[in-house]
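Asker: This one is start.txt, compact mmCIF, C-alpha atoms.
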```txt
# COMPACT_ATOMS: atom_id res chain seq x y z
CA MET R 1 -72.37 -31.74 -33.04
CA MET R 2 -69.53 -30.62 -35.28
CA LYS R 3 -66.71 -33.04 -35.43
CA LYS R 4 -63.25 -31.48 -35.47
CA SER R 5 -60.19 -33.20 -36.72
CA ARG R 6 -57.04 -32.96 -34.69
CA ARG R 7 -55.46 -31.07 -37.61
CA SER R 8 -58.03 -28.27 -37.70
CA PHE R 9 -57.95 -27.96 -33.91
CA LEU R 10 -54.18 -27.47 -33.90
CA LYS R 11 -54.47 -24.84 -36.64
CA VAL R 12 -56.96 -22.77 -34.66
CA ALA R 13 -54.95 -23.20 -31.47
CA GLY R 14 -51.79 -22.00 -33.25
CA ILE R 15 -53.46 -18.88 -34.62
CA ALA R 16 -54.93 -18.14 -31.20
CA ALA R 17 -51.49 -18.44 -29.60
CA ILE R 18 -50.04 -15.94 -32.08
CA GLY R 19 -52.88 -13.57 -31.31
CA LEU R 20 -52.25 -13.82 -27.56
CA GLY R 21 -48.56 -13.12 -28.02
CA ALA R 22 -49.18 -10.18 -30.33
CA ALA R 23 -50.77 -7.88 -27.76
CA PRO R 24 -47.73 -7.57 -25.42
CA ALA R 25 -45.42 -7.31 -28.42
CA MET R 26 -47.49 -4.49 -29.86
CA THR R 27 -47.59 -2.53 -26.62
CA PHE R 28 -43.84 -3.02 -26.22
CA ALA R 29 -43.19 -1.71 -29.71
CA ALA R 30 -45.54 1.21 -29.12
CA SER R 31 -43.90 2.20 -25.83
CA ASP R 32 -40.47 2.10 -27.44
CA SER R 33 -41.29 4.47 -30.23
CA HIS R 34 -43.01 7.27 -28.37
CA GLY R 35 -42.78 6.47 -24.67
CA ALA R 36 -42.74 8.89 -21.76
CA ALA R 37 -39.64 11.04 -21.27
CA GLN R 38 -36.91 9.37 -19.25
CA ALA R 39 -35.26 10.84 -16.20
CA VAL R 40 -31.68 11.95 -16.76
CA LYS R 41 -28.88 12.08 -14.23
CA GLY R 42 -25.98 14.43 -14.82
CA LYS R 43 -23.29 16.55 -13.29
CA ASN R 44 -23.72 20.13 -12.16
CA GLN R 45 -22.63 22.53 -14.85
CA GLU R 46 -20.01 24.13 -12.65
CA ALA R 47 -18.52 20.80 -11.49
CA LEU R 48 -14.74 20.47 -11.67
CA SER R 49 -13.36 17.36 -13.29
CA ALA R 50 -9.98 15.70 -13.71
CA HIS R 51 -8.51 12.49 -15.01
CA ARG R 52 -6.73 11.95 -11.74
CA TRP R 53 -7.04 14.37 -8.86
CA GLY R 54 -3.87 15.07 -6.95
CA MET R 55 -2.55 17.38 -4.29
CA VAL R 56 0.72 19.27 -4.00
CA ILE R 57 1.74 20.62 -0.61
CA ASP R 58 4.41 23.32 -0.67
CA THR R 59 6.28 22.92 2.60
CA SER R 60 7.96 26.32 2.24
CA LYS R 61 4.61 28.01 2.71
CA LEU R 62 3.69 26.02 5.77
CA ASN R 63 3.83 27.17 9.34
CA GLU R 64 2.13 26.24 12.55
CA GLU R 65 -0.81 28.53 12.08
CA VAL R 66 -1.51 27.54 8.49
CA ALA R 67 -1.39 23.87 9.41
CA LYS R 68 -3.81 24.48 12.27
CA ASN R 69 -6.20 26.39 10.02
CA ILE R 70 -6.15 23.61 7.43
CA THR R 71 -7.11 20.94 9.94
CA GLU R 72 -9.74 23.14 11.50
CA ALA R 73 -11.37 24.11 8.22
CA CYS R 74 -11.54 20.49 7.10
CA HIS R 75 -12.78 19.06 10.36
CA ARG R 76 -15.33 21.77 11.05
CA ASN R 77 -16.88 21.55 7.59
CA HIS R 78 -17.03 17.77 7.53
CA ASN R 79 -18.49 17.44 11.01
CA VAL R 80 -15.48 15.55 12.29
CA PRO R 81 -15.88 15.07 16.04
CA ASP R 82 -13.40 16.64 18.42
CA PHE R 83 -13.06 14.60 21.59
CA ASN R 84 -11.85 17.64 23.49
CA HIS R 85 -15.17 19.30 22.93
CA GLU R 86 -17.25 19.70 26.06
CA VAL R 87 -20.37 17.54 25.72
CA ASP R 88 -23.72 19.21 26.17
CA GLU R 89 -25.04 17.23 29.15
CA GLU R 90 -28.64 18.23 28.53
CA LYS R 91 -28.71 17.00 24.96
CA TYR R 92 -26.50 13.95 25.43
CA PRO R 93 -26.80 12.72 29.02
CA ASN R 94 -24.48 10.04 30.41
CA THR R 95 -21.84 10.31 27.72
CA ARG R 96 -18.93 8.00 28.39
CA PRO R 97 -15.50 9.55 28.85
CA THR R 98 -13.48 9.67 25.66
CA ASN R 99 -10.44 7.68 24.71
CA PRO R 100 -7.86 9.71 22.80
CA LYS R 101 -6.85 6.59 20.87
CA GLN R 102 -10.26 6.63 19.24
CA GLU R 103 -9.90 10.14 17.86
CA ILE R 104 -11.10 10.84 14.33
CA LYS R 105 -9.02 12.80 11.86
CA TRP R 106 -9.09 13.59 8.17
CA ILE R 107 -6.04 15.81 7.89
CA TRP R 108 -3.54 16.41 10.66
CA GLU R 109 0.07 17.29 11.41
CA GLU R 110 2.85 14.76 11.58
CA HIS R 111 6.58 15.10 12.16
CA PHE R 112 8.93 14.36 9.29
CA ASN R 113 10.16 11.14 10.90
CA TYR R 114 6.67 9.73 11.11
CA ALA R 115 5.39 11.08 7.84
CA PHE R 116 8.42 9.88 5.86
CA PRO R 117 9.92 7.05 7.91
CA ASP R 118 11.95 5.72 4.98
CA MET R 119 13.68 9.07 4.60
CA GLU R 120 14.97 9.36 8.12
CA ASP R 121 18.22 11.24 8.18
CA GLU R 122 20.74 11.89 10.90
CA PHE R 123 21.40 15.33 9.50
CA LEU R 124 17.93 16.33 8.44
CA VAL R 125 17.57 19.94 7.41
CA GLU R 126 16.89 21.98 10.52
CA LYS R 127 13.54 23.45 9.53
CA PHE R 128 11.99 20.00 9.00
CA LYS R 129 12.86 18.88 12.51
CA HIS R 130 10.01 20.93 13.94
CA LEU R 131 7.68 21.49 11.02
CA GLY R 132 4.31 19.80 11.17
CA PHE R 133 3.59 18.16 7.82
CA PRO R 134 -0.10 18.04 6.97
CA VAL R 135 -0.90 14.41 6.18
CA THR R 136 -4.13 12.98 4.91
CA CYS R 137 -5.49 10.26 2.65
CA ASN R 138 -3.12 9.98 -0.30
CA HIS R 139 -5.81 8.91 -2.77
CA CYS R 140 -3.34 6.30 -3.99
CA LYS R 141 -3.32 5.08 -7.53
CA ASN R 142 -3.01 1.52 -6.21
CA ALA R 143 -5.06 2.00 -3.10
CA PRO R 144 -4.68 -0.99 -0.76
CA CYS R 145 -7.79 0.00 1.17
CA VAL R 146 -9.91 -0.40 -1.95
CA GLN R 147 -8.62 -3.93 -2.40
CA ALA R 148 -9.21 -4.78 1.24
CA CYS R 149 -12.79 -3.56 1.47
CA PRO R 150 -15.12 -6.58 1.34
CA THR R 151 -18.26 -4.56 0.58
CA GLN R 152 -16.87 -2.07 -1.92
CA ALA R 153 -17.78 0.70 0.47
CA THR R 154 -14.35 2.10 -0.30
CA PHE R 155 -13.79 2.45 -3.99
CA LYS R 156 -11.75 4.38 -6.49
CA ARG R 157 -13.70 6.86 -8.51
CA GLU R 158 -12.89 7.36 -12.17
CA ASP R 159 -11.27 10.69 -11.41
CA GLY R 160 -8.81 9.12 -8.98
CA ILE R 161 -10.49 10.02 -5.70
CA VAL R 162 -10.56 7.17 -3.22
CA LEU R 163 -14.03 7.60 -1.83
CA MET R 164 -16.17 5.98 0.81
CA ASP R 165 -19.81 5.11 0.67
CA PHE R 166 -20.64 5.41 4.36
CA HIS R 167 -23.97 3.68 3.77
CA ARG R 168 -22.19 0.53 2.75
CA CYS R 169 -19.45 0.40 5.35
CA ILE R 170 -19.91 -2.51 7.75
CA GLY R 171 -17.12 -1.38 10.06
CA CYS R 172 -14.84 -4.38 9.57
CA ARG R 173 -11.78 -2.09 9.55
CA PHE R 174 -9.85 -4.15 7.01
CA CYS R 175 -9.16 -0.87 5.21
CA MET R 176 -7.57 0.57 8.32
CA ALA R 177 -5.25 -2.39 8.52
CA ALA R 178 -4.47 -2.08 4.83
CA CYS R 179 -3.75 1.66 4.76
CA PRO R 180 -0.04 2.26 5.37
CA TYR R 181 -0.65 5.92 6.18
CA GLY R 182 -3.10 5.64 9.05
CA ALA R 183 -5.39 7.91 7.12
CA ARG R 184 -8.55 6.19 8.28
CA SER R 185 -10.45 6.50 11.53
CA PHE R 186 -13.14 4.32 12.98
CA ASN R 187 -16.20 5.63 14.77
CA PHE R 188 -16.11 3.69 18.00
CA ARG R 189 -19.05 5.75 19.21
CA ASP R 190 -21.71 8.14 18.04
CA PRO R 191 -19.76 11.23 16.96
CA ARG R 192 -22.59 13.71 17.36
CA PRO R 193 -22.03 14.72 21.01
CA PHE R 194 -18.52 15.83 20.06
CA ILE R 195 -19.40 18.06 17.16
CA ALA R 196 -19.41 21.63 18.36
CA GLU R 197 -21.43 23.01 15.50
CA THR R 198 -22.98 20.70 12.95
CA VAL R 199 -22.57 21.98 9.41
CA PRO R 200 -25.75 21.19 7.46
CA GLU R 201 -23.96 20.87 4.11
CA PHE R 202 -22.36 17.57 5.06
CA PRO R 203 -23.73 14.60 6.97
CA THR R 204 -22.23 13.33 10.19
CA ARG R 205 -21.26 9.69 10.49
CA SER R 206 -22.78 7.02 12.66
CA LYS R 207 -21.24 4.61 15.09
CA GLY R 208 -19.50 1.70 13.42
CA VAL R 209 -18.26 3.19 10.17
CA VAL R 210 -14.81 4.16 9.01
CA GLU R 211 -14.15 7.62 7.65
CA LYS R 212 -11.38 9.57 5.95
CA CYS R 213 -10.63 12.50 3.67
CA ASN R 214 -12.83 12.57 0.56
CA LEU R 215 -10.84 15.30 -1.22
CA CYS R 216 -13.98 17.41 -0.80
CA ALA R 217 -15.80 15.54 -3.55
CA GLU R 218 -18.94 17.42 -2.52
CA ARG R 219 -17.20 20.73 -3.18
CA LEU R 220 -15.57 19.73 -6.46
CA ALA R 221 -19.06 18.84 -7.64
CA LYS R 222 -20.08 22.44 -7.00
CA GLY R 223 -17.02 23.90 -8.71
CA GLN R 224 -15.24 24.79 -5.50
CA MET R 225 -11.76 23.85 -4.32
CA PRO R 226 -11.36 21.71 -1.19
CA HIS R 227 -11.51 23.37 2.23
CA CYS R 228 -7.84 22.68 2.91
CA VAL R 229 -6.82 24.50 -0.26
CA GLU R 230 -8.83 27.55 0.72
CA ALA R 231 -7.47 27.60 4.25
CA SER R 232 -3.85 26.96 3.28
CA GLU R 233 -2.92 30.40 1.93
CA GLY R 234 -1.42 28.84 -1.17
CA ALA R 235 0.45 25.99 0.51
CA ILE R 236 -1.89 23.32 -0.88
CA VAL R 237 -2.81 23.06 -4.54
CA VAL R 238 -5.25 20.51 -5.91
CA GLY R 239 -5.48 19.71 -9.59
CA ASP R 240 -5.27 17.18 -12.39
CA LEU R 241 -2.09 15.09 -12.26
CA GLU R 242 -2.63 13.75 -15.77
CA ASP R 243 -2.86 17.18 -17.35
CA PRO R 244 0.68 18.50 -18.07
CA GLU R 245 -0.64 22.07 -18.15
CA SER R 246 -2.30 21.94 -14.75
CA GLU R 247 -1.07 23.95 -11.80
CA VAL R 248 -0.04 20.86 -9.88
CA ARG R 249 2.04 19.51 -12.77
CA VAL R 250 3.73 22.87 -13.27
CA LEU R 251 4.63 22.91 -9.58
CA LEU R 252 5.96 19.35 -9.75
CA ASN R 253 8.01 20.21 -12.83
CA GLU R 254 9.64 23.18 -11.19
CA ASN R 255 10.28 21.75 -7.75
CA TYR R 256 11.68 18.61 -6.22
CA SER R 257 8.94 16.73 -4.44
CA ILE R 258 8.59 13.64 -2.28
CA ARG R 259 5.75 11.28 -1.51
CA ARG R 260 5.04 9.22 1.58
CA LYS R 261 6.31 5.63 1.71
CA GLN R 262 6.88 5.40 -2.03
CA SER R 263 8.61 2.06 -1.71
CA LEU R 264 5.29 0.40 -0.93
CA GLY R 265 4.11 0.97 -4.46
CA THR R 266 0.78 2.51 -3.57
CA GLU R 267 1.51 5.51 -5.81
CA PRO R 268 0.19 8.31 -3.59
CA SER R 269 -1.39 11.31 -5.27
CA VAL R 270 -0.25 13.71 -2.57
CA TYR R 271 3.12 15.33 -3.24
CA TYR R 272 5.26 17.36 -0.86
CA VAL R 273 7.46 20.03 -2.38
CA VAL R 274 10.56 20.26 -0.17
CA MET M 275 -79.18 -35.07 16.26
CA ASN M 276 -75.76 -35.27 14.57
CA LYS M 277 -76.83 -32.80 11.94
CA ASN M 278 -77.61 -30.11 14.51
CA LEU M 279 -74.33 -30.64 16.27
CA ILE M 280 -72.40 -30.35 13.05
CA ILE M 281 -74.14 -27.17 11.97
CA ALA M 282 -73.67 -25.60 15.37
CA GLY M 283 -70.00 -26.58 15.30
CA LEU M 284 -69.56 -25.11 11.84
CA ALA M 285 -71.17 -21.87 12.89
CA VAL M 286 -68.80 -21.56 15.86
CA PHE M 287 -65.89 -22.39 13.60
CA VAL M 288 -66.79 -19.74 11.02
CA ILE M 289 -67.28 -17.12 13.68
CA ALA M 290 -63.94 -17.96 15.25
CA VAL M 291 -62.00 -18.04 12.01
CA LEU M 292 -63.38 -14.75 10.83
CA SER M 293 -62.94 -13.10 14.21
CA PRO M 294 -60.39 -10.51 12.95
CA PHE M 295 -62.99 -9.26 10.52
CA TRP M 296 -65.65 -9.03 13.24
CA PHE M 297 -63.15 -7.23 15.40
CA ASN M 298 -62.46 -4.69 12.66
CA LEU M 299 -66.16 -4.21 12.06
CA VAL M 300 -66.72 -3.30 15.67
CA THR M 301 -63.63 -1.20 16.37
CA VAL M 302 -62.62 1.94 14.51
CA THR M 303 -59.39 1.54 12.55
CA GLN M 304 -57.10 4.50 12.42
CA ALA M 305 -56.50 5.64 8.87
CA ALA M 306 -52.90 6.18 7.79
CA PRO M 307 -51.92 9.79 8.33
CA LYS M 308 -51.44 11.84 5.21
CA PRO M 309 -48.05 13.48 4.90
CA GLU M 310 -48.57 17.18 5.34
CA LEU M 311 -47.33 19.44 2.60
CA LEU M 312 -46.10 22.67 4.08
CA GLY M 313 -44.35 25.77 2.87
CA LYS M 314 -42.60 25.43 -0.42
CA ALA M 315 -43.86 21.91 -1.10
CA LYS M 316 -47.44 23.15 -0.87
CA THR M 317 -47.04 25.90 -3.43
CA GLU M 318 -44.63 24.24 -5.84
CA LYS M 319 -46.71 21.16 -6.57
CA LYS M 320 -44.00 19.44 -8.58
CA CYS M 321 -42.23 16.49 -7.11
CA VAL M 322 -39.81 14.13 -8.76
CA LEU M 323 -42.48 11.55 -9.57
CA ASP M 324 -46.22 11.82 -9.31
CA LYS M 325 -47.81 11.52 -5.91
CA TYR M 326 -48.68 7.82 -5.95
CA ASP M 327 -45.38 6.77 -7.46
CA MET M 328 -43.59 8.83 -4.86
CA ARG M 329 -45.55 7.24 -2.02
CA ALA M 330 -44.80 3.75 -3.22
CA ASN M 331 -41.27 4.13 -4.52
CA HIS M 332 -39.50 6.99 -2.75
CA MET M 333 -37.17 4.56 -1.03
CA SER M 334 -35.98 3.07 -4.31
CA LEU M 335 -35.56 6.54 -5.74
CA LEU M 336 -33.43 7.61 -2.78
CA ASP M 337 -31.34 4.47 -3.16
CA GLU M 338 -30.82 5.22 -6.83
CA TRP M 339 -29.85 8.79 -6.01
CA ARG M 340 -27.36 7.66 -3.42
CA VAL M 341 -25.59 5.37 -5.89
CA SER M 342 -25.57 8.09 -8.52
CA VAL M 343 -24.14 10.76 -6.21
CA VAL M 344 -21.58 8.66 -4.40
CA ARG M 345 -20.41 6.36 -7.18
CA ASP M 346 -20.86 8.34 -10.39
CA ALA M 347 -20.62 11.90 -9.01
CA ASP M 348 -23.83 12.75 -10.85
CA ARG M 349 -25.78 15.08 -8.61
CA MET M 350 -28.34 16.64 -10.89
CA TYR M 351 -31.56 14.73 -11.58
CA THR M 352 -33.78 15.87 -14.40
CA ALA M 353 -37.02 14.06 -13.81
CA ALA M 354 -39.30 12.70 -16.51
CA ASN M 355 -41.60 15.67 -15.86
CA GLY M 356 -38.83 18.06 -16.88
CA HIS M 357 -37.99 19.52 -13.47
CA SER M 358 -34.48 19.14 -12.18
CA PHE M 359 -33.49 18.42 -8.62
CA ASN M 360 -30.36 18.33 -6.54
CA MET M 361 -30.00 14.69 -5.54
CA SER M 362 -29.71 15.31 -1.85
CA LEU M 363 -31.79 14.46 1.17
CA SER M 364 -31.15 17.57 3.20
CA THR M 365 -28.63 19.96 1.71
CA GLY M 366 -29.72 23.02 -0.18
CA GLU M 367 -32.92 24.53 -1.51
CA ASN M 368 -33.42 21.98 -4.23
CA SER M 369 -33.14 18.87 -2.05
CA CYS M 370 -35.90 16.80 -0.43
CA LEU M 371 -35.93 18.73 2.83
CA GLY M 372 -35.32 21.98 0.99
CA CYS M 373 -38.88 21.70 -0.24
CA HIS M 374 -40.52 19.49 2.36
CA GLU M 375 -39.51 21.70 5.21
CA ASP M 376 -40.97 19.84 8.13
CA LYS M 377 -39.46 16.42 8.63
CA GLU M 378 -41.77 15.54 11.53
CA LYS M 379 -44.92 16.17 9.56
CA PHE M 380 -43.66 14.84 6.28
CA CYS M 381 -41.33 11.90 6.84
CA ASP M 382 -42.01 10.88 10.40
CA SER M 383 -45.79 10.94 10.41
CA CYS M 384 -46.02 8.01 7.99
CA HIS M 385 -42.91 6.22 9.15
CA THR M 386 -44.12 6.21 12.72
CA TYR M 387 -47.54 4.94 11.68
CA ALA M 388 -46.04 2.19 9.52
CA SER M 389 -43.53 1.39 12.25
CA VAL M 390 -40.54 1.68 9.97
CA SER M 391 -37.39 3.33 11.23
CA PRO M 392 -35.07 4.17 8.38
CA TYR M 393 -31.64 5.18 9.64
CA CYS M 394 -31.23 8.19 7.33
CA TRP M 395 -31.07 10.65 10.20
CA GLU M 396 -28.33 8.89 12.10
CA CYS M 397 -25.98 10.66 9.70
CA HIS M 398 -27.98 13.09 7.60
CA THR M 399 -28.99 16.19 9.45
CA ASN M 400 -32.24 18.05 9.48
CA PRO M 401 -31.22 21.69 9.02
CA LYS M 402 -34.06 22.76 11.30
CA GLU M 403 -32.92 20.58 14.17
CA ILE M 404 -29.45 22.07 14.15
CA GLN M 405 -30.67 25.57 14.95
```
Turn the structure described in the file into C-alpha cells.
Answerer:
Amino acid sequence: MMKKSRRSFLKVAGIAAIGLGAAPAMTFAASDSHGAAQAVKGKNQEALSAHRWGMVIDTSKLNEEVAKNITEACHRNHNVPDFNHEVDEEKYPNTRPTNPKQEIKWIWEEHFNYAFPDMEDEFLVEKFKHLGFPVTCNHCKNAPCVQACPTQATFKREDGIVLMDFHRCIGCRFCMAACPYGARSFNFRDPRPFIAETVPEFPTRSKGVVEKCNLCAERLAKGQMPHCVEASEGAIVVGDLEDPESEVRVLLNENYSIRRKQSLGTEPSVYYVV
Amino acid sequence: MNKNLIIAGLAVFVIAVLSPFWFNLVTVTQAAPKPELLGKAKTEKKCVLDKYDMRANHMSLLDEWRVSVVRDADRMYTAANGHSFNMSLSTGENSCLGCHEDKEKFCDSCHTYASVSPYCWECHTNPKEIQ
C-alpha cells in the first residue's frame, strides 16, 4: 500500500477543491458574456410624461352641466359605484340597503365655503355663492396620505401623481384621516352591484379598500388626457407644473388662482382660476 | 414462535404504512386538466415565457407586472423571445385575456383543480362576463 504524507494529501485536496470551484465560475462567466436576451420593461411610445402633473380649473368656464358631465365621465369610466343605482336583484340577490354616508366619489361638486373654508367671506362674489366647484384629490406635493399609509399602498409617483396600489391596501383608512380634503372613499361593501355598466378598461375595486382619483394614470400612459379634461369643455387643463412653457403654467401666469387649504402646507397641485 | 409473530407484525406494519400507495394503485387518479388554448392563443403560439416556465411562474410574472405598471408606469413588456406585450390582465388585445379568450377554460380549469382561489377577479373584470 502506498503511504501518503500529510503534505502530499493536502496538496491534492487543494487542487481538487480549485477544480470543483472552477466549474460554477466558468458557467457563470459564460452566461454573462453571451447569455439569453433579457426581458425589457418600458413605457408606451405615446405615453405622456411630466415632472409634476398638475391641474388648473378655470371657474369662469364652469356651470352646472359641465360639472355634472365631469363627475359622470370620471365615475362611469372608473367603475365608481353609484348608490342610487337600482340593483339587479337577479344577479345580486339580498343586497343590503345603502347608506349615503358610504358613498364613493373621485371628483364631485362642493360649495365655495366647504371647498375653501379658510377663504370664507361675508361679501363673497355673488357667482361663487351658488357655483359648484369640482373638487378631487389634489395630488399634493407633500401628501399627508402618503406619509400615513402603513403599507405604501398610497405612494407618490415620480411624476407627482399620488397613486394607489389597490392590491396593497389593507383598508386601515389612516389615509382618509390624514387627507384634509376628504378626497378618499372607503369601500364598505362590494361595489359591483352598484355599477350600472362596468367599463372593461378599468378594474372595479373590492370590499375593504380605499379609492380616489388617480389623475387617469392609465390614460396618460396611452397618450390621452384625463376623462375630466375631455368632459370639461376647456374648464380643466392638466399639464406639467414644472415646465414654464406648459399650458397650465401659462394659465397660472395670466390669471389669479387659489388652492384649497394652502395654510396646511400640503402644496396641492390643483389650482382654481377665479 | 417469536420470530413468526415479529414477521407477521412487520408485514402488517408495512402494509399499513404504505396504504396511501396501495390506495392509489387501486383507484384511478384524475390527471390535472390541461389549460385549453382557444382562439387567438391557439394560433399565435407565442407567450411571454415558454410553456413550462409559464405554468410554473405565471404568478410571479403577474406580480412583477403589477409592480411595474403601478409603481413605475412601465406598461410595455418586451419578452426575452422578442415579442412585446401590454402588461395587463384583461384590458386590450395584447393583454393576457386578450389572447386567452376563455377564462373558464384557461385560468379556472387549473385553479379549480389545484384548489387555489386567487382574488384577481374580485376587481379585474373578464370582458366576456360583462356582456
Asker: Mind giving me the straight-line distance from atom CA of Leu48 of chain R to atom CA of Gly223 of chain R in Å, one decimal?
Answerer: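 It comes out at 5.1 Å.
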Asker: Within 8 Å of chain M, which residues belong to chain R? Use only C-alpha atoms and report them as a PyMOL selection string.
Answerer: chain R and resi 36-44+157+164-165+198+200-206+221
Asker: As an exercise, work out the distance from atom CA of Lys308 of chain M to atom CA of Asp327 of chain M in Å and give it to one decimal place.
Answerer: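 These two atoms are separated by 14.9 Å.
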Asker: Work out how far atom CA of Pro134 of chain R is from atom CA of Phe194 of chain R, in Å to one decimal.
Answerer: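 Taking atom CA of Phe194 of chain R and atom CA of Pro134 of chain R, their separation equals 22.7 Å.
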Asker: Box for segment 369-379 of chain M - axis-aligned, 5 Å on each of the six sides, all listed atoms - centre and size in Å to one decimal, as lines of an AutoDock Vina configuration file.
Answerer:
```
center_x = -39.0
center_y = 18.8
center_z = 4.7
size_x = 21.8
size_y = 16.4
size_z = 23.6
```
Asker: So that I can see what lies close to segment 67-77 of chain R, please list as a PDB file with C-alpha atoms, in the frame of the given file the residues with an atom at most 9 Å from it, counting only C-alpha atoms and leaving out residues fewer than 4 positions away in the same chain.
Answerer:
```pdb
ATOM      1  CA  LEU R  62       3.690  26.020   5.770  1.00  0.00           C
ATOM      2  CA  ASN R  63       3.830  27.170   9.340  1.00  0.00           C
ATOM      3  CA  PRO R  81     -15.880  15.070  16.040  1.00  0.00           C
ATOM      4  CA  ASP R  82     -13.400  16.640  18.420  1.00  0.00           C
ATOM      5  CA  LYS R 105      -9.020  12.800  11.860  1.00  0.00           C
ATOM      6  CA  TRP R 106      -9.090  13.590   8.170  1.00  0.00           C
ATOM      7  CA  ILE R 107      -6.040  15.810   7.890  1.00  0.00           C
ATOM      8  CA  TRP R 108      -3.540  16.410  10.660  1.00  0.00           C
ATOM      9  CA  GLU R 109       0.070  17.290  11.410  1.00  0.00           C
ATOM     10  CA  GLY R 132       4.310  19.800  11.170  1.00  0.00           C
ATOM     11  CA  PHE R 133       3.590  18.160   7.820  1.00  0.00           C
ATOM     12  CA  PRO R 134      -0.100  18.040   6.970  1.00  0.00           C
ATOM     13  CA  ILE R 195     -19.400  18.060  17.160  1.00  0.00           C
ATOM     14  CA  ALA R 196     -19.410  21.630  18.360  1.00  0.00           C
ATOM     15  CA  GLU R 197     -21.430  23.010  15.500  1.00  0.00           C
ATOM     16  CA  THR R 198     -22.980  20.700  12.950  1.00  0.00           C
ATOM     17  CA  VAL R 199     -22.570  21.980   9.410  1.00  0.00           C
ATOM     18  CA  PRO R 200     -25.750  21.190   7.460  1.00  0.00           C
ATOM     19  CA  GLU R 201     -23.960  20.870   4.110  1.00  0.00           C
ATOM     20  CA  PHE R 202     -22.360  17.570   5.060  1.00  0.00           C
ATOM     21  CA  CYS R 213     -10.630  12.500   3.670  1.00  0.00           C
ATOM     22  CA  CYS R 216     -13.980  17.410  -0.800  1.00  0.00           C
ATOM     23  CA  PRO R 226     -11.360  21.710  -1.190  1.00  0.00           C
ATOM     24  CA  HIS R 227     -11.510  23.370   2.230  1.00  0.00           C
ATOM     25  CA  CYS R 228      -7.840  22.680   2.910  1.00  0.00           C
ATOM     26  CA  VAL R 229      -6.820  24.500  -0.260  1.00  0.00           C
ATOM     27  CA  GLU R 230      -8.830  27.550   0.720  1.00  0.00           C
ATOM     28  CA  ALA R 231      -7.470  27.600   4.250  1.00  0.00           C
ATOM     29  CA  SER R 232      -3.850  26.960   3.280  1.00  0.00           C
TER      30      SER R 232
END
```
Asker: Determine, counting all atoms listed in the file, which protein, DNA and RNA residues have an atom within 8 Å of an atom of segment 385-389 of chain M; residues of the same chain fewer than 2 positions away are not included. Present the result as a list in words.
Answerer: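 So, after excluding close chain neighbours, the residues are Ala306, Pro307, Cys381, Asp382, Ser383 and Ser391 of chain M.
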Asker: What's around Glu375 of chain M at 10 Å? Count all atoms listed in the file, leave out sequence neighbours fewer than 2 positions away in its own chain, and write the answer as a PDB file with C-alpha atoms, in the frame of the given file.
Answerer:
```pdb
ATOM      1  CA  LEU M 311     -47.330  19.440   2.600  1.00  0.00           C
ATOM      2  CA  LEU M 312     -46.100  22.670   4.080  1.00  0.00           C
ATOM      3  CA  GLY M 313     -44.350  25.770   2.870  1.00  0.00           C
ATOM      4  CA  LYS M 314     -42.600  25.430  -0.420  1.00  0.00           C
ATOM      5  CA  ALA M 315     -43.860  21.910  -1.100  1.00  0.00           C
ATOM      6  CA  SER M 364     -31.150  17.570   3.200  1.00  0.00           C
ATOM      7  CA  GLU M 367     -32.920  24.530  -1.510  1.00  0.00           C
ATOM      8  CA  CYS M 370     -35.900  16.800  -0.430  1.00  0.00           C
ATOM      9  CA  LEU M 371     -35.930  18.730   2.830  1.00  0.00           C
ATOM     10  CA  GLY M 372     -35.320  21.980   0.990  1.00  0.00           C
ATOM     11  CA  CYS M 373     -38.880  21.700  -0.240  1.00  0.00           C
ATOM     12  CA  LYS M 377     -39.460  16.420   8.630  1.00  0.00           C
ATOM     13  CA  GLU M 378     -41.770  15.540  11.530  1.00  0.00           C
ATOM     14  CA  LYS M 379     -44.920  16.170   9.560  1.00  0.00           C
ATOM     15  CA  PHE M 380     -43.660  14.840   6.280  1.00  0.00           C
ATOM     16  CA  ASN M 400     -32.240  18.050   9.480  1.00  0.00           C
ATOM     17  CA  PRO M 401     -31.220  21.690   9.020  1.00  0.00           C
ATOM     18  CA  LYS M 402     -34.060  22.760  11.300  1.00  0.00           C
TER      19      LYS M 402
END
```
Asker: Could you name the residues that touch Lys212 of chain R at 10 Å or less, counting all atoms listed in the file, but leaving out those on the same chain fewer than 6 positions away, as a list in words?
Answerer: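 Once the adjacent positions are removed, what remains is Val80, Ile104, Lys105, Trp106, Ile107, Thr136, Cys137, Val162, Leu163, Met164, Gly182, Ala183, Arg184, Ser185 and Phe186 of chain R.
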Asker: What's around segment 238-250 of chain R at 9 Å? Count all atoms listed in the file, leave out sequence neighbours fewer than 5 positions away in its own chain, and write the answer as a PDB file with C-alpha atoms, in the frame of the given file.
Answerer:
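Here's the written file result_7.pdb:
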```pdb
ATOM      1  CA  SER R  49     -13.360  17.360 -13.290  1.00  0.00           C
ATOM      2  CA  ALA R  50      -9.980  15.700 -13.710  1.00  0.00           C
ATOM      3  CA  HIS R  51      -8.510  12.490 -15.010  1.00  0.00           C
ATOM      4  CA  ARG R  52      -6.730  11.950 -11.740  1.00  0.00           C
ATOM      5  CA  TRP R  53      -7.040  14.370  -8.860  1.00  0.00           C
ATOM      6  CA  GLY R  54      -3.870  15.070  -6.950  1.00  0.00           C
ATOM      7  CA  MET R  55      -2.550  17.380  -4.290  1.00  0.00           C
ATOM      8  CA  VAL R  56       0.720  19.270  -4.000  1.00  0.00           C
ATOM      9  CA  ILE R  57       1.740  20.620  -0.610  1.00  0.00           C
ATOM     10  CA  ASP R 159     -11.270  10.690 -11.410  1.00  0.00           C
ATOM     11  CA  LEU R 215     -10.840  15.300  -1.220  1.00  0.00           C
ATOM     12  CA  MET R 225     -11.760  23.850  -4.320  1.00  0.00           C
ATOM     13  CA  PRO R 226     -11.360  21.710  -1.190  1.00  0.00           C
ATOM     14  CA  VAL R 229      -6.820  24.500  -0.260  1.00  0.00           C
ATOM     15  CA  ASN R 255      10.280  21.750  -7.750  1.00  0.00           C
ATOM     16  CA  SER R 269      -1.390  11.310  -5.270  1.00  0.00           C
TER      17      SER R 269
END
```
Asker: Could you tell me which of R:Asp88, R:Lys61, R:Gly171, R:Val135 comes closest to Cys149 of chain R if we count all atoms listed in the file?
Answerer: R:Gly171
